[in-house]
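J.: I'm passing along target02.cif; it holds mmCIF, C-alpha atoms.
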data_entry
loop_
_atom_site.label_atom_id
_atom_site.label_comp_id
_atom_site.auth_asym_id
_atom_site.auth_seq_id
_atom_site.Cartn_x
_atom_site.Cartn_y
_atom_site.Cartn_z
CA MET A 201 186.79 135.82 -10.04
CA ALA A 202 186.89 134.81 -6.39
CA LYS A 203 185.60 131.40 -5.37
CA ASN A 204 183.62 131.03 -2.14
CA ILE A 205 184.54 127.90 -0.20
CA ASN A 206 182.76 126.39 2.82
CA LEU A 207 184.97 124.41 5.16
CA PRO A 208 183.51 122.20 7.94
CA TYR A 209 184.56 123.53 11.34
CA GLY A 210 183.19 121.87 14.45
CA CYS A 211 179.42 121.71 14.09
CA SER A 212 179.27 124.54 11.53
CA PHE A 213 181.18 125.88 8.50
CA LEU A 214 183.69 128.61 7.76
CA SER A 215 183.31 130.55 4.53
CA VAL A 216 186.46 131.83 2.80
CA LYS A 217 187.29 133.28 -0.61
CA ILE A 218 189.96 131.92 -2.90
CA GLU A 219 191.12 134.57 -5.37
CA SER A 220 192.87 132.18 -7.76
CA GLU A 221 190.55 129.93 -9.77
CA SER A 222 192.69 129.01 -12.76
CA ASN A 223 194.69 126.32 -10.98
CA LEU A 224 192.18 125.51 -8.24
CA THR A 225 190.81 121.99 -7.66
CA ILE A 226 188.07 121.43 -5.11
CA PHE A 227 187.65 117.88 -3.84
CA ASP A 228 184.19 118.39 -2.37
CA LYS A 229 181.82 115.69 -1.23
CA LYS A 230 182.41 112.53 -3.17
CA ARG A 231 180.03 112.00 -6.05
CA HIS A 232 178.85 108.43 -6.22
CA ASP A 233 175.96 106.38 -7.48
CA ASN A 234 175.40 104.66 -4.15
CA GLN A 235 171.97 104.94 -2.64
CA ILE A 236 171.75 106.17 0.93
CA LEU A 237 170.26 103.41 3.07
CA SER A 238 167.22 104.35 5.12
CA THR A 239 166.96 103.38 8.77
CA PRO A 240 164.45 100.58 7.98
CA GLU A 241 166.76 99.24 5.24
CA VAL A 242 169.74 99.19 7.63
CA SER A 243 167.59 97.52 10.26
CA ASN A 244 166.40 94.83 7.86
CA ILE A 245 169.96 93.98 6.76
CA ILE A 246 171.10 93.52 10.36
CA LYS A 247 167.99 91.65 11.48
CA ARG A 248 168.04 89.23 8.55
CA TYR A 249 171.66 88.31 9.16
CA PHE A 250 171.49 87.90 12.93
CA ASN A 251 168.12 86.17 13.03
CA ASP A 252 169.69 83.52 10.83
CA GLN A 253 172.89 83.29 12.92
CA MET A 254 171.22 83.25 16.32
CA SER A 255 168.97 80.36 15.35
CA ASP A 256 172.04 78.10 15.35
CA TYR A 257 172.83 78.74 19.02
CA LYS A 258 171.68 76.21 21.60
CA ASN A 259 170.19 77.50 24.85
CA ILE A 260 170.69 81.01 23.49
CA SER A 261 168.64 82.73 26.19
CA ALA A 262 171.32 81.78 28.74
CA ILE A 263 174.35 83.31 26.97
CA GLN A 264 176.22 86.46 27.96
CA VAL A 265 176.50 88.97 25.10
CA ALA A 266 179.15 91.69 24.76
CA ILE A 267 178.84 94.47 22.18
CA THR A 268 181.36 97.23 21.50
CA VAL A 269 180.51 100.71 20.26
CA ASN A 270 182.98 103.48 19.48
CA ASP A 271 183.35 106.53 21.70
CA LYS A 272 182.44 110.14 20.94
CA THR A 273 185.48 110.67 18.68
CA ARG A 274 183.95 108.44 15.98
CA PRO A 275 180.87 109.42 13.92
CA VAL A 276 179.30 105.96 14.00
CA PRO A 277 175.46 105.99 13.87
CA ASN A 278 175.01 103.57 16.75
CA ASP A 279 171.28 104.17 16.92
CA GLN A 280 170.87 102.66 13.45
CA LEU A 281 173.36 99.82 13.95
CA LEU A 282 172.86 98.84 17.59
CA LEU A 283 169.08 98.97 18.03
CA PRO A 284 168.27 96.33 15.37
CA LEU A 285 170.80 93.97 16.94
CA LEU A 286 169.28 94.47 20.38
CA GLN A 287 165.83 93.77 18.92
CA VAL A 288 167.08 90.48 17.49
CA LEU A 289 168.59 89.48 20.83
CA ASN A 290 165.34 90.39 22.56
CA GLY A 291 163.45 88.22 20.08
CA PHE A 292 165.56 85.25 21.19
CA ARG A 293 164.64 86.03 24.82
CA ILE A 294 168.12 87.07 25.91
CA PRO A 295 167.54 89.16 29.06
CA GLU A 296 168.73 92.77 29.07
CA LYS A 297 170.87 91.99 32.14
CA SER A 298 172.81 89.45 30.04
CA ILE A 299 173.83 92.07 27.47
CA LYS A 300 176.69 94.50 28.10
CA ILE A 301 177.54 97.51 25.91
CA PHE A 302 181.25 98.37 25.96
CA ILE A 303 182.47 101.81 24.89
CA ALA A 304 185.72 101.22 23.02
CA SER A 305 187.88 104.07 24.28
CA GLY A 306 191.39 102.76 23.57
CA THR A 307 193.74 105.21 25.28
CA HIS A 308 191.17 108.02 25.15
CA THR A 309 189.68 109.32 28.39
CA PRO A 310 186.77 107.01 29.30
CA MET A 311 183.40 108.61 28.62
CA ARG A 312 181.30 109.83 31.55
CA LYS A 313 177.68 108.76 32.08
CA GLU A 314 176.45 112.25 31.28
CA GLU A 315 178.08 111.91 27.83
CA TYR A 316 176.41 108.66 26.83
CA TYR A 317 173.66 110.52 24.99
CA LEU A 318 176.31 111.61 22.46
CA ILE A 319 176.69 108.07 21.15
CA LEU A 320 173.75 105.98 22.40
CA PRO A 321 169.95 106.20 22.31
CA LYS A 322 168.42 106.91 25.73
CA SER A 323 166.64 103.56 25.67
CA VAL A 324 170.02 101.83 25.56
CA TYR A 325 171.88 103.59 28.36
CA LYS A 326 168.76 103.51 30.57
CA ASN A 327 168.01 99.80 30.16
CA PHE A 328 171.38 98.15 29.49
CA GLN A 329 174.66 98.03 31.35
CA VAL A 330 177.08 100.41 29.59
CA LEU A 331 180.76 100.01 30.43
CA PRO A 332 183.31 102.62 29.29
CA HIS A 333 186.66 100.90 28.83
CA ASN A 334 189.67 102.05 30.83
CA CYS A 335 192.95 100.80 29.35
CA ASP A 336 194.74 101.41 32.66
CA ASP A 337 192.33 99.43 34.86
CA LEU A 338 194.57 96.39 35.35
CA THR A 339 191.98 94.61 37.49
CA ASN A 340 189.69 94.36 34.46
CA LEU A 341 192.19 93.14 31.89
CA SER A 342 192.80 89.55 30.81
CA TYR A 343 196.20 88.51 29.49
CA LEU A 344 195.93 86.33 26.38
CA GLY A 345 199.56 85.86 25.36
CA VAL A 346 201.83 87.39 22.73
CA THR A 347 201.24 87.90 19.01
CA SER A 348 203.72 86.83 16.35
CA ARG A 349 204.88 90.47 16.24
CA ASN A 350 205.61 90.48 20.00
CA THR A 351 202.58 92.40 21.16
CA SER A 352 201.46 91.40 24.65
CA VAL A 353 197.70 91.08 24.48
CA PHE A 354 195.65 92.48 27.35
CA VAL A 355 191.93 92.96 26.76
CA ASN A 356 188.86 93.98 28.72
CA LYS A 357 188.15 91.00 30.96
CA LYS A 358 184.36 91.23 30.98
CA PHE A 359 184.25 91.47 27.21
CA TYR A 360 186.63 88.55 26.75
CA GLU A 361 184.72 86.29 29.14
CA SER A 362 181.38 86.85 27.39
CA ASP A 363 179.90 84.02 25.31
CA LEU A 364 179.05 86.10 22.25
CA LYS A 365 181.26 89.02 21.17
CA ILE A 366 180.09 91.54 18.56
CA VAL A 367 181.85 94.71 17.42
CA ILE A 368 180.09 97.70 15.85
CA GLY A 369 181.90 100.40 13.90
CA ASP A 370 182.62 101.90 10.51
CA ILE A 371 185.15 101.25 7.77
CA GLU A 372 187.10 104.21 6.44
CA PRO A 373 190.73 105.03 5.59
CA HIS A 374 193.00 105.14 8.64
CA HIS A 375 196.27 107.05 8.56
CA PHE A 376 198.45 104.20 9.81
CA ALA A 377 196.18 101.15 10.33
CA GLY A 378 195.17 101.21 6.68
CA PHE A 379 191.46 101.11 7.44
CA SER A 380 189.31 101.32 10.54
CA GLY A 381 186.69 98.70 11.26
CA GLY A 382 186.52 94.99 11.96
CA VAL A 383 188.19 93.72 15.11
CA LYS A 384 189.98 97.02 15.73
CA SER A 385 187.09 98.24 17.90
CA ALA A 386 187.90 95.55 20.46
CA ALA A 387 191.55 94.71 19.76
CA ILE A 388 192.57 98.34 20.28
CA GLY A 389 189.40 99.96 21.64
CA LEU A 390 189.21 97.47 24.52
CA GLY A 391 192.94 96.79 24.81
CA GLY A 392 195.29 97.51 27.67
CA ARG A 393 197.71 100.41 27.35
CA THR A 394 200.63 97.98 27.01
CA THR A 395 198.92 96.25 24.09
CA ILE A 396 198.10 99.50 22.33
CA ASN A 397 201.61 100.89 22.86
CA GLN A 398 203.28 97.76 21.56
CA ASN A 399 200.98 97.44 18.56
CA HIS A 400 201.44 101.10 17.65
CA THR A 401 205.23 100.79 17.62
CA LEU A 402 204.63 99.19 14.23
CA LEU A 403 203.45 102.51 12.79
CA VAL A 404 207.09 103.39 12.04
CA ASN A 405 207.09 100.60 9.44
CA GLN A 406 206.92 101.94 5.89
CA ASN A 407 203.93 99.70 5.14
CA SER A 408 201.85 101.04 8.04
CA ILE A 409 200.10 103.61 5.90
CA VAL A 410 196.63 104.73 4.94
CA GLY A 411 194.81 102.44 2.50
CA ASN A 412 197.12 99.45 3.07
CA PHE A 413 195.56 96.51 4.88
CA TYR A 414 196.97 93.14 3.84
CA THR A 415 200.70 94.00 4.02
CA ASN A 416 200.36 96.47 6.87
CA PRO A 417 202.15 94.93 9.90
CA LEU A 418 200.31 97.11 12.40
CA ARG A 419 196.92 96.21 10.99
CA GLN A 420 197.74 92.53 10.67
CA ASP A 421 198.85 92.55 14.30
CA ILE A 422 195.42 93.94 15.14
CA GLU A 423 193.83 91.10 13.15
CA GLU A 424 195.83 88.57 15.15
CA ILE A 425 194.76 90.19 18.43
CA GLY A 426 191.15 89.99 17.29
CA LYS A 427 191.46 86.26 16.66
CA MET A 428 193.00 85.76 20.10
CA ILE A 429 190.07 87.59 21.68
CA GLY A 430 187.63 85.42 19.73
CA ILE A 431 185.36 88.08 18.25
CA ASP A 432 182.36 86.41 16.66
CA TYR A 433 180.74 89.05 14.48
CA ALA A 434 181.20 92.56 13.16
CA ILE A 435 178.61 95.09 12.06
CA ASN A 436 180.37 97.77 10.02
CA ALA A 437 178.92 100.68 8.09
CA ILE A 438 180.43 102.83 5.38
CA LEU A 439 179.36 106.46 5.59
CA ASP A 440 179.43 109.47 3.31
CA GLU A 441 180.60 112.92 4.47
CA ASP A 442 177.16 113.69 5.89
CA LYS A 443 177.28 110.54 8.03
CA ASN A 444 174.65 108.78 5.91
CA ILE A 445 174.99 105.01 5.68
CA LEU A 446 175.83 103.76 2.19
CA ARG A 447 176.55 100.13 3.04
CA VAL A 448 176.26 97.80 6.01
CA PHE A 449 178.31 94.63 6.26
CA CYS A 450 177.56 91.92 8.84
CA GLY A 451 179.48 88.74 9.47
CA GLU A 452 182.74 87.23 10.58
CA PRO A 453 185.15 90.20 11.02
CA SER A 454 187.69 89.28 8.32
CA SER A 455 184.91 88.77 5.80
CA VAL A 456 183.38 92.12 6.70
CA MET A 457 186.74 93.83 6.21
CA GLU A 458 187.34 92.10 2.88
CA GLN A 459 184.03 93.38 1.54
CA GLY A 460 184.23 96.79 3.18
CA ILE A 461 187.75 97.63 2.03
CA VAL A 462 186.84 97.17 -1.63
CA PHE A 463 183.87 99.50 -1.27
CA SER A 464 185.78 102.03 0.83
CA LYS A 465 188.68 102.19 -1.62
CA ASN A 466 186.35 102.81 -4.53
CA LEU A 467 184.54 105.48 -2.56
CA ASN A 468 187.49 107.31 -1.00
CA SER A 469 190.32 107.07 -3.56
CA THR A 470 190.83 110.39 -5.34
CA PRO A 471 192.65 110.25 -8.70
CA ILE A 472 195.19 113.06 -9.20
CA LYS A 473 198.01 113.47 -11.67
CA ASP A 474 200.45 115.58 -9.65
CA PRO A 475 200.70 116.85 -6.07
CA PHE A 476 199.70 120.41 -5.23
CA ASP A 477 201.66 123.46 -4.11
CA LEU A 478 199.03 124.47 -1.56
CA VAL A 479 196.46 122.22 0.11
CA ILE A 480 193.64 123.80 2.10
CA ALA A 481 191.97 121.09 4.15
CA SER A 482 189.37 120.52 6.83
CA ALA A 483 189.17 117.46 9.05
CA GLY A 484 185.47 117.32 8.19
CA GLY A 485 183.97 118.94 11.26
CA PHE A 486 182.80 117.35 14.50
CA PRO A 487 183.74 114.77 15.75
CA LYS A 488 186.66 114.46 13.33
CA ASP A 489 188.05 117.74 14.71
CA ILE A 490 186.97 117.29 18.35
CA ASN A 491 190.66 117.68 19.28
CA PHE A 492 194.02 117.82 17.55
CA TYR A 493 194.70 114.20 18.49
CA GLN A 494 191.92 113.27 16.04
CA ALA A 495 192.42 116.10 13.53
CA GLN A 496 196.02 115.07 12.94
CA LYS A 497 194.68 112.25 10.79
CA ALA A 498 193.35 114.82 8.33
CA LEU A 499 196.72 116.56 8.34
CA THR A 500 198.37 113.27 7.35
CA HIS A 501 195.92 112.72 4.50
CA ALA A 502 196.17 116.32 3.28
CA SER A 503 199.96 116.11 3.23
CA LEU A 504 199.74 113.21 0.77
CA PHE A 505 198.14 115.59 -1.75
CA CYS A 506 200.90 118.17 -1.27
CA LYS A 507 204.21 118.36 -3.10
CA LYS A 508 207.42 118.16 -1.09
CA GLY A 509 208.12 121.55 0.45
CA GLY A 510 204.58 122.74 -0.23
CA MET A 511 202.09 124.13 2.27
CA VAL A 512 199.10 122.56 4.02
CA ILE A 513 196.60 124.77 5.82
CA LEU A 514 194.37 122.69 8.11
CA VAL A 515 191.07 123.90 9.51
CA ALA A 516 189.96 122.03 12.65
CA GLU A 517 188.08 123.53 15.59
CA CYS A 518 189.50 121.20 18.29
CA ILE A 519 186.91 122.24 20.87
CA GLU A 520 188.48 119.82 23.37
CA GLY A 521 191.99 121.13 22.75
CA ILE A 522 194.93 118.86 22.10
CA GLY A 523 193.32 115.65 23.35
CA SER A 524 196.38 114.07 24.97
CA GLU A 525 198.19 115.20 28.09
CA LYS A 526 201.03 112.77 27.37
CA TYR A 527 201.55 114.44 23.99
CA LEU A 528 201.81 117.85 25.69
CA GLN A 529 204.21 116.56 28.33
CA PHE A 530 206.46 114.98 25.72
CA MET A 531 206.71 118.29 23.84
CA ASN A 532 208.05 120.21 26.86
CA GLY A 533 211.33 121.86 25.84
CA MET A 534 211.22 120.65 22.22
CA THR A 535 212.59 123.23 19.80
CA SER A 536 212.46 121.39 16.48
CA HIS A 537 210.72 118.48 14.77
CA THR A 538 214.13 116.86 14.31
CA GLN A 539 214.59 116.89 18.08
CA VAL A 540 211.11 115.39 18.45
CA SER A 541 212.00 112.47 16.17
CA GLU A 542 215.32 111.87 17.91
CA ASN A 543 213.81 111.94 21.41
CA PHE A 544 210.93 109.70 20.36
CA SER A 545 213.42 107.11 19.12
CA LYS A 546 215.46 107.33 22.32
CA THR A 547 212.64 107.18 24.86
CA GLY A 548 210.74 104.30 23.29
CA PHE A 549 207.26 104.19 21.88
CA GLN A 550 204.32 105.64 23.80
CA VAL A 551 200.79 106.43 22.71
CA GLY A 552 200.36 110.19 22.99
CA PRO A 553 203.94 111.11 22.11
CA HIS A 554 203.43 109.10 18.92
CA LYS A 555 201.34 112.04 17.68
CA ALA A 556 204.38 114.27 18.03
CA PHE A 557 206.35 111.76 15.97
CA GLN A 558 203.68 111.69 13.26
CA VAL A 559 203.59 115.48 13.09
CA ALA A 560 207.39 115.50 12.84
CA LYS A 561 207.22 113.04 9.94
CA ILE A 562 204.79 115.33 8.13
CA SER A 563 207.07 118.34 8.76
CA SER A 564 209.93 116.56 6.96
CA LYS A 565 207.85 116.60 3.77
CA VAL A 566 205.63 119.69 3.85
CA ASN A 567 205.02 122.91 5.73
CA PHE A 568 201.74 123.28 7.59
CA LYS A 569 199.68 125.71 9.64
CA LEU A 570 196.53 125.23 11.74
CA PHE A 571 193.43 127.35 12.18
CA SER A 572 191.63 126.21 15.34
CA SER A 573 190.30 127.30 18.71
CA ILE A 574 193.49 126.11 20.44
CA PRO A 575 195.46 129.01 21.98
CA ALA A 576 198.39 130.12 19.81
CA ASP A 577 200.94 129.70 22.60
CA LEU A 578 199.89 126.08 23.07
CA LEU A 579 200.25 125.32 19.35
CA THR A 580 203.65 127.01 19.32
CA LYS A 581 204.71 124.66 22.11
CA LEU A 582 203.78 121.80 19.79
CA LEU A 583 205.82 123.38 16.96
CA ILE A 584 202.63 124.00 14.99
CA LEU A 585 202.24 127.39 13.32
CA PRO A 586 198.90 128.91 14.39
CA ILE A 587 196.65 130.97 12.13
CA SER A 588 194.84 133.90 13.73
CA ASP A 589 192.86 135.10 10.69
CA LEU A 590 192.07 132.37 8.15
CA GLN A 591 191.03 134.62 5.26
CA THR A 592 194.07 136.87 5.61
CA GLU A 593 196.36 133.83 5.81
CA LEU A 594 194.90 132.30 2.66
CA THR A 595 195.06 135.56 0.73
CA ASN A 596 198.70 136.15 1.67
CA CYS A 597 199.71 132.55 1.06
CA ILE A 598 198.16 132.48 -2.42
CA ALA A 599 199.70 135.86 -3.27
CA ASP A 600 203.16 134.43 -2.53
CA LEU A 601 202.70 131.44 -4.85
CA PRO A 602 204.02 131.36 -8.42
CA GLU A 603 201.43 132.04 -11.13
CA ASP A 604 201.36 128.40 -12.21
CA ALA A 605 201.00 127.07 -8.65
CA ARG A 606 198.30 124.47 -8.15
CA ILE A 607 195.89 124.70 -5.21
CA ALA A 608 193.69 121.97 -3.75
CA VAL A 609 190.78 122.36 -1.35
CA ILE A 610 189.77 119.22 0.58
CA PRO A 611 186.82 119.90 2.92
CA TYR A 612 186.70 116.28 4.16
CA ALA A 613 190.37 115.30 4.24
CA THR A 614 189.98 112.44 6.72
CA ALA A 615 187.97 110.52 4.11
CA ARG A 616 190.26 111.14 1.13
CA ILE A 617 193.14 109.05 -0.24
CA PRO A 618 195.12 110.35 -3.25
CA GLU A 619 195.60 107.92 -6.11
CA PHE A 620 198.33 109.19 -8.41
CA LEU A 621 197.67 108.50 -12.06
CA GLU A 622 200.45 107.23 -14.27
CA ASP A 623 201.32 109.14 -17.45
#
Go ahead and express the file in the form of structure tokens.
T.:
Amino acid sequence: MAKNINLPYGCSFLSVKIESESNLTIFDKKRHDNQILSTPEVSNIIKRYFNDQMSDYKNISAIQVAITVNDKTRPVPNDQLLLPLLQVLNGFRIPEKSIKIFIASGTHTPMRKEEYYLILPKSVYKNFQVLPHNCDDLTNLSYLGVTSRNTSVFVNKKFYESDLKIVIGDIEPHHFAGFSGGVKSAAIGLGGRTTINQNHTLLVNQNSIVGNFYTNPLRQDIEEIGKMIGIDYAINAILDEDKNILRVFCGEPSSVMEQGIVFSKNLNSTPIKDPFDLVIASAGGFPKDINFYQAQKALTHASLFCKKGGMVILVAECIEGIGSEKYLQFMNGMTSHTQVSENFSKTGFQVGPHKAFQVAKISSKVNFKLFSSIPADLLTKLLILPISDLQTELTNCIADLPEDARIAVIPYATARIPEFLED
């Protein structure tokens, strides 16, 4: 009996057939007992918390407020999280001109005005000042000093100089920062390129892995940066695969992370006994697969489910291509993943080329292929094996496996962490 599988791909799905069912495990949408929060419920949670907090401020109508939101590569429901906060601020008579919305771009290309509708309600970008961060705009960066891990901290000047700093985002597993969320939206999202490069050098540490927060040097460096910036509050949501809000946490950023990590681990950890011979994975559709720069996170997670020397087939549309010109430039003339790792070590850490290093790390453990809209010759340049016909590739790959081979399908790999069970 063949099994029909739907894999998220961009804003739609791809349907494929898997001929082998006997050793097939499908890790579909996570089953949980958590109630999806309605928009009014989310609004009430945020309003109750901030109405209480704002009442403690003196002369509150005169303060300057800075709020970060994530860019189009993150599926954060800003309409549900930002609007209630703005309503609270309006209730305390803080003028719209005193509130700035910062788009936390990190090293991504700053969003254009005509793209704001992708992440913000029209009422926000029409009535409030929206500022897309540019990590290379040195005139708008403040230098705050050096962290204990030798990261030079540069941050968006206008955000830093504001009286009240609030970050909005989501908490989910992150392939080298442990978890997203908390101060990361500002510490990295509004950081200078030097800061981001230096922080990300810590990803080579063995503890800079998905699901690890407290002993993760890269993440703890981010926490230190956040304290230097002086971020007051965080509003973080936890979402299911359909982008529904399951929980909202408001408060001091470290407290929000402490609560959110527990919930996220329980939600996203996937118990398995042994790794699989073949892992068929999707990044989870748009915007998780907006480009390969983002989809690589799903490749990392999928590889954790795969046995050493096994195969991962990743499905990711990548409608915006690779997503990093620096990554492409670094790969010029590379003929092997070993060469990539050696050159990365020699040239020093850079964001962009670090993706090449991460892909090379994955290649040392598993084999992988990609089905996407990226031209085959471009993927070949990146030492990634392209798939032209997904169904044919799956059929042939499964036919070549031993009879007792185990196959996993992970339609939302970015949100999955394997938890290996002990005998």
J.: Which residue out of A:Leu207, A:Leu621, A:Leu285, A:Met511 has the minimum interatomic distance to Lys473 (chain A) when only C-alpha atoms are used?
T.: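 With only C-alpha atoms as the atom set, the closest residue is A:Leu621.
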J.: Interatomic distance between CA of Val515 (chain A) and CA of Lys555 (chain A)?
T.: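 One can read the CA of Val515 (chain A) to CA of Lys555 (chain A) distance as 17.7 Å.
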J.: Could you jot down the CA of Glu520 (chain A) to CA of Ile301 (chain A) separation for me, Å, one decimal place?
T.: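 Rounded to one decimal, the two atoms are 25.0 Å apart.
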J.: Excluding region 448-457 of chain A and any residue of its chain fewer than 4 positions from it, enumerate the residues within 9 Å of it, using only C-alpha atoms, and give them as a PDB file with C-alpha atoms, in the frame of the given file.
T.:
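Written output follows (result00.pdb):
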ATOM      1  CA  LEU A 237     170.260 103.410   3.070  1.00  0.00           C
ATOM      2  CA  VAL A 242     169.740  99.190   7.630  1.00  0.00           C
ATOM      3  CA  ILE A 245     169.960  93.980   6.760  1.00  0.00           C
ATOM      4  CA  ILE A 246     171.100  93.520  10.360  1.00  0.00           C
ATOM      5  CA  TYR A 249     171.660  88.310   9.160  1.00  0.00           C
ATOM      6  CA  PHE A 250     171.490  87.900  12.930  1.00  0.00           C
ATOM      7  CA  LEU A 281     173.360  99.820  13.950  1.00  0.00           C
ATOM      8  CA  VAL A 367     181.850  94.710  17.420  1.00  0.00           C
ATOM      9  CA  ASP A 370     182.620 101.900  10.510  1.00  0.00           C
ATOM     10  CA  ILE A 371     185.150 101.250   7.770  1.00  0.00           C
ATOM     11  CA  PHE A 379     191.460 101.110   7.440  1.00  0.00           C
ATOM     12  CA  GLY A 381     186.690  98.700  11.260  1.00  0.00           C
ATOM     13  CA  GLY A 382     186.520  94.990  11.960  1.00  0.00           C
ATOM     14  CA  VAL A 383     188.190  93.720  15.110  1.00  0.00           C
ATOM     15  CA  GLU A 423     193.830  91.100  13.150  1.00  0.00           C
ATOM     16  CA  GLY A 426     191.150  89.990  17.290  1.00  0.00           C
ATOM     17  CA  ILE A 431     185.360  88.080  18.250  1.00  0.00           C
ATOM     18  CA  ASP A 432     182.360  86.410  16.660  1.00  0.00           C
ATOM     19  CA  TYR A 433     180.740  89.050  14.480  1.00  0.00           C
ATOM     20  CA  ALA A 434     181.200  92.560  13.160  1.00  0.00           C
ATOM     21  CA  ILE A 435     178.610  95.090  12.060  1.00  0.00           C
ATOM     22  CA  ASN A 436     180.370  97.770  10.020  1.00  0.00           C
ATOM     23  CA  ALA A 437     178.920 100.680   8.090  1.00  0.00           C
ATOM     24  CA  ILE A 438     180.430 102.830   5.380  1.00  0.00           C
ATOM     25  CA  ILE A 461     187.750  97.630   2.030  1.00  0.00           C
ATOM     26  CA  VAL A 462     186.840  97.170  -1.630  1.00  0.00           C
TER      27      VAL A 462
END
J.: Report the residues retrieved by the PyMOL selection byres ((chain A and resi 312-324) around 8) from the displayed file, expressed as number ranges by chain.
T.: A: 270-272, 276-279, 310-311, 325-328, 332
J.: Please measure the separation of CA of Ile513 (chain A) and CA of Ser482 (chain A), giving the value in Å to one decimal.
T.: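 Those two atoms sit 8.4 Å apart.
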J.: Taking 6 positions as the minimum chain separation for residues in the same chain, which residues sit within 12 Å of region 416-418 of chain A when counting all atoms listed in the file? Answer as a VMD selection string.
T.: chain A and resid 347 to 351 374 to 380 384 387 to 388 395 to 410 424 to 425
J.: Nearest to Glu361 (chain A) among A:Lys217, A:Lys300, A:Lys508, A:His308, with distances taken over all atoms listed in the file: which residue is it?
T.: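 Of all the options, A:Lys300 lies closest to Glu361 (chain A).
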J.: Which one of A:Pro611, A:Pro575, A:Pro475, A:Gly485 sits closest to Ile205 (chain A) if you count all atoms listed in the file?
T.: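 Of A:Pro611, A:Pro575, A:Pro475, A:Gly485, the one nearest Ile205 (chain A) is A:Pro611, counting all atoms listed in the file.
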J.: Return the single residue from A:Gln264, A:Asn412, A:Asn444, A:Thr273 that is closest to Lys488 (chain A), with distances computed using only C-alpha atoms.
T.: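 Of the candidates, the smallest distance to Lys488 (chain A) is held by A:Thr273.
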J.: What do you get, as a PyMOL selection string, if you spell out every residue that the PyMOL selection byres ((chain A and resi 573) around 6) selects here?
T.: chain A and resi 517+572+574
J.: Could you give me, as a ChimeraX atom specification, the residues within 10 Å of Pro618 (chain A), counting only C-alpha atoms and dropping anything in the same chain fewer than 5 positions from it?
T.: /A:411,468-475,501-506
J.: Which residues come within 9 Å of region 289-299 of chain A, counting all atoms listed in the file, excluding same-chain residues fewer than 2 positions away, as a list in words?
T.: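 Near neighbours after the sequence-gap exclusion: Phe250, Asn251, Met254, Ser255, Ile260, Ser261, Ala262, Ile263, Gln264, Val265, Ala266, Ile267, Pro284, Leu285, Leu286, Gln287, Ile301, Asn327, Phe328 and Gln329 of chain A.
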J.: With all atoms listed in the file as the basis for distance, which of A:Tyr343, A:Phe557, A:Phe620, A:Phe486 is at the shortest distance from Gly210 (chain A)?
T.: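 Nearest candidate to Gly210 (chain A) out of A:Tyr343, A:Phe557, A:Phe620, A:Phe486: A:Phe486.
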J.: My list of candidates is A:Val551, A:Cys597, A:Leu579, A:Leu499. Which is closest to Tyr527 (chain A) when distances are computed with only C-alpha atoms?
T.: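 Of the candidates, the smallest distance to Tyr527 (chain A) is held by A:Val551.
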